[in-house]
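Below you'll find the structure, written out as structure tokens, and then a few comments.
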Amino acid sequence: MEILNATIFDLTALRRLERACFDKDAWPLIDLMAVLTFPEVVRLKAVEDDQMVGFVGGDPRPREGWGWIATIGVDPSYRRRGIGLALLHACEAQLGVPNARLTVRVSNMDAITMYQKDGYRTIDIWKGYYNDGEDAQLMEKSLSL
């Protein structure tokens with residue numbers, strides 16, 4: 001598995017990955033185009049067997065002192081192999097800010113457990129955040145710069 005910079009040429013693969021990972025929460029086309037083209041956004045893909053098997057997008061916000069992990073997903077058939085954590089660490093390293101934040105569905109215990117083991121802590125619950133009304137857990141981690 002390699003972690004590489006993603007570009008607009010990865011749009012089709014990213015759309016497919018979003019649907020496989022998030023189903024009802026998959027980002028619309030315009031948001032995927034934005035994450036692949038906006039300046040300053042960290043966009044990394046995990047590639048295995050010549051295909052995108054994971055993606056992370058991060059938005060550094062240096063004036064606020066934190067970066068936003070806007071999306072992170074690994075193809076379901078490639079999970080539990082450390083790809084998500086590798087993507088997360090690679091994105092954190094490129095954010096260039098002292099803290100990272102992300103949201104996760106309160107029902108996604110596998111992801112929450114991974115984040116907690118990696119040093120993220122819950123700082124808030126955002127009620128009704130997701131399209132279906134499920135709450136989001138807002139988590140933050142202090143990064144060693």
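Starting from 1 in every chain, residues are counted up; chains themselves are A, B, ... following the order of the structure tokens, and ligands are numbered from 1 as listed.
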So that I can see what lies close to A:Ala20, please list as a compact mmCIF listing (two decimals) with N, CA and C atoms, in the first residue's frame the residues with an atom at most 9 Å from it, counting only C-alpha atoms and leaving out residues fewer than 3 positions away in the same chain.
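Output saved as result.txt:
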# COMPACT_ATOMS: atom_id res chain seq x y z
N ARG A 15 -15.34 9.06 -6.06
CA ARG A 15 -16.81 8.92 -6.02
C ARG A 15 -17.20 7.50 -5.68
N ARG A 16 -16.55 6.55 -6.29
CA ARG A 16 -16.83 5.13 -6.05
C ARG A 16 -16.51 4.78 -4.59
N LEU A 17 -15.37 5.26 -4.10
CA LEU A 17 -14.96 4.99 -2.72
C LEU A 17 -15.94 5.61 -1.73
N ASP A 23 -22.22 5.45 1.84
CA ASP A 23 -23.58 5.24 1.36
C ASP A 23 -24.38 6.53 1.44
N ALA A 26 -22.42 9.90 1.55
CA ALA A 26 -21.41 10.18 0.52
C ALA A 26 -21.53 11.63 0.06
N VAL A 74 -11.99 4.12 4.10
CA VAL A 74 -11.26 2.99 3.52
C VAL A 74 -12.29 2.01 2.97
N ASP A 75 -12.05 1.54 1.76
CA ASP A 75 -12.92 0.56 1.14
C ASP A 75 -13.19 -0.58 2.13
N PRO A 76 -14.45 -0.96 2.31
CA PRO A 76 -14.78 -1.99 3.31
C PRO A 76 -13.97 -3.28 3.17
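Neighbouring residues of A:Thr103 at 10 Å or closer, counting only C-alpha atoms and skipping chain neighbours under 4 positions away, are Trp68, Ile69, Ala70, Thr71, Ile112, Thr122, Asp124, Ile125, Trp126, Tyr129, Asp135, Ala136, Gln137, Leu138, Met139 and Glu140 of chain A.
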Using only N, CA and C atoms, please write the residues we just selected to a file, as a short mmCIF file (atom, residue, chain, number, x, y, z; two decimals), in the first residue's frame.
data_model
loop_
_atom_site.label_atom_id
_atom_site.label_comp_id
_atom_site.auth_asym_id
_atom_site.auth_seq_id
_atom_site.Cartn_x
_atom_site.Cartn_y
_atom_site.Cartn_z
N TRP A 68 -8.96 20.43 10.19
CA TRP A 68 -10.18 19.65 10.13
C TRP A 68 -9.96 18.43 9.25
N ILE A 69 -10.13 17.23 9.81
CA ILE A 69 -10.13 16.02 8.99
C ILE A 69 -11.54 15.95 8.42
N ALA A 70 -11.70 16.43 7.19
CA ALA A 70 -13.02 16.59 6.60
C ALA A 70 -13.65 15.26 6.20
N THR A 71 -12.82 14.34 5.73
CA THR A 71 -13.31 13.02 5.34
C THR A 71 -12.16 12.03 5.40
N ILE A 112 -14.54 5.17 16.32
CA ILE A 112 -14.34 5.88 17.59
C ILE A 112 -13.23 5.22 18.40
N THR A 122 -13.21 13.10 22.88
CA THR A 122 -14.48 13.73 22.55
C THR A 122 -14.56 15.09 23.21
N ASP A 124 -17.30 17.33 22.05
CA ASP A 124 -18.68 17.78 21.92
C ASP A 124 -19.49 16.71 21.19
N ILE A 125 -20.80 16.81 21.32
CA ILE A 125 -21.74 16.01 20.52
C ILE A 125 -22.57 17.00 19.72
N TRP A 126 -22.61 16.80 18.41
CA TRP A 126 -23.42 17.65 17.54
C TRP A 126 -24.70 16.90 17.22
N TYR A 129 -26.52 15.82 13.34
CA TYR A 129 -25.54 16.29 12.36
C TYR A 129 -25.68 15.59 10.99
N ASP A 135 -26.52 11.72 15.62
CA ASP A 135 -25.58 12.66 16.21
C ASP A 135 -24.15 12.37 15.76
N ALA A 136 -23.33 13.41 15.81
CA ALA A 136 -21.90 13.28 15.52
C ALA A 136 -21.11 13.51 16.79
N GLN A 137 -20.06 12.77 16.93
CA GLN A 137 -19.11 12.96 18.03
C GLN A 137 -17.98 13.82 17.46
N LEU A 138 -17.75 14.99 18.06
CA LEU A 138 -16.65 15.86 17.65
C LEU A 138 -15.44 15.47 18.51
N MET A 139 -14.35 15.12 17.84
CA MET A 139 -13.17 14.66 18.54
C MET A 139 -11.97 15.53 18.17
N GLU A 140 -11.04 15.63 19.10
CA GLU A 140 -9.85 16.46 18.89
C GLU A 140 -8.61 15.73 19.41
#
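Excluding A:Trp66 itself and any same-chain residue fewer than 5 positions from it, the protein and nucleic acid residues within 8 Å of it, counting only C-alpha atoms, are Pro60, Arg61, Val97, Pro98, Asn99, Ala100 and Arg101 of chain A.
From atom CA of A:Ile30 back to atom CA of A:Phe9, the distance works out to 14.4 Å.
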TODO: Mind checking which residues fall within 7 Å of A:Ile8, counting only C-alpha atoms, ignoring those fewer than 2 positions away in the same chain, and posting them as a PyMOL selection string?
DONE: chain A and resi 10-11+33+36-37
- [ ] Take atom CA of A:Ala6 and atom CA of A:Gly57 and report the distance between them in Å, one decimal.
- [x] 9.3 Å
- [ ] Could you give me the residues within stretch 1-144 of chain A that DSSP places in helix (DSSP H, G or I), as a PyMOL selection string?
- [x] chain A and resi 8-25+29-37+76-78+83-95+109-117
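Between atom CA of A:Ile123 and atom CA of A:Ala34 the interatomic distance comes to 27.3 Å.
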Open item on the list: What's around A:Leu88 at 12 Å? Count only C-alpha atoms, leave out sequence neighbours fewer than 4 positions away in its own chain, and write the answer as a PyMOL selection string.
Closed with: chain A and resi 3+42-46+54-58+67-74+82-84+92-95+100-102+111+114-115+118-120+141+143
Please dump the current selection as a compact mmCIF listing (two decimals), in the first residue's frame; keep C-alpha atoms.
# COMPACT_ATOMS: atom_id res chain seq x y z
CA ILE A 3 -0.03 6.84 0.25
CA VAL A 42 -4.47 18.06 2.21
CA ARG A 43 -5.70 15.25 -0.05
CA LEU A 44 -4.16 11.82 0.15
CA LYS A 45 -5.11 8.47 -1.29
CA ALA A 46 -4.13 4.96 -0.31
CA GLY A 54 -8.66 4.85 0.92
CA PHE A 55 -8.80 8.62 1.03
CA VAL A 56 -8.39 11.44 3.52
CA GLY A 57 -9.03 15.13 3.10
CA GLY A 58 -7.80 17.69 5.61
CA GLY A 67 -7.00 21.35 11.17
CA TRP A 68 -10.18 19.65 10.13
CA ILE A 69 -10.13 16.02 8.99
CA ALA A 70 -13.02 16.59 6.60
CA THR A 71 -13.31 13.02 5.34
CA ILE A 72 -11.53 9.73 5.78
CA GLY A 73 -12.61 6.40 4.40
CA VAL A 74 -11.26 2.99 3.52
CA GLY A 82 -4.02 -0.14 9.23
CA ILE A 83 -4.81 1.85 6.10
CA GLY A 84 -7.15 4.30 7.85
CA GLU A 92 -2.04 15.07 10.41
CA ALA A 93 1.64 15.41 9.49
CA GLN A 94 0.80 17.66 6.54
CA LEU A 95 -1.75 19.89 8.31
CA ALA A 100 -6.72 18.06 14.58
CA ARG A 101 -10.49 17.71 14.75
CA LEU A 102 -12.96 15.35 13.13
CA ALA A 111 -13.83 4.32 14.15
CA MET A 114 -9.45 3.71 16.60
CA TYR A 115 -9.50 7.47 17.17
CA ASP A 118 -4.72 7.26 18.67
CA GLY A 119 -5.17 10.09 21.16
CA TYR A 120 -8.42 11.72 20.06
CA LYS A 141 -6.22 15.40 19.14
CA LEU A 143 -0.46 16.92 17.40
- [ ] Taking the DSSP assignment computed from this structure's backbone, write out as an MDAnalysis selection string all residues of chain A that belong to strand (DSSP E).
- [x] chainID A and resid 2:5 42:48 51:61 66:74 99:105 121:126 136:142
With a distance cut-off of 10 Å and only C-alpha atoms, select the neighbouring residues of A:Glu134, excluding the residue or stretch itself and same-chain residues fewer than 4 positions from it, and output the selection as a PDB file with C-alpha atoms, in the first residue's frame.
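For reference, result-v2.pdb as written:
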ATOM      1  CA  ARG A 105     -21.184   8.994  13.809  1.00  0.00           C
ATOM      2  CA  VAL A 106     -21.889   8.098  17.439  1.00  0.00           C
ATOM      3  CA  SER A 107     -22.811   4.585  16.234  1.00  0.00           C
ATOM      4  CA  TRP A 126     -23.415  17.652  17.545  1.00  0.00           C
ATOM      5  CA  LYS A 127     -27.098  16.708  17.635  1.00  0.00           C
ATOM      6  CA  GLY A 128     -28.704  15.617  14.370  1.00  0.00           C
ATOM      7  CA  TYR A 129     -25.540  16.288  12.357  1.00  0.00           C
ATOM      8  CA  TYR A 130     -25.964  13.532   9.759  1.00  0.00           C
TER       9      TYR A 130
END
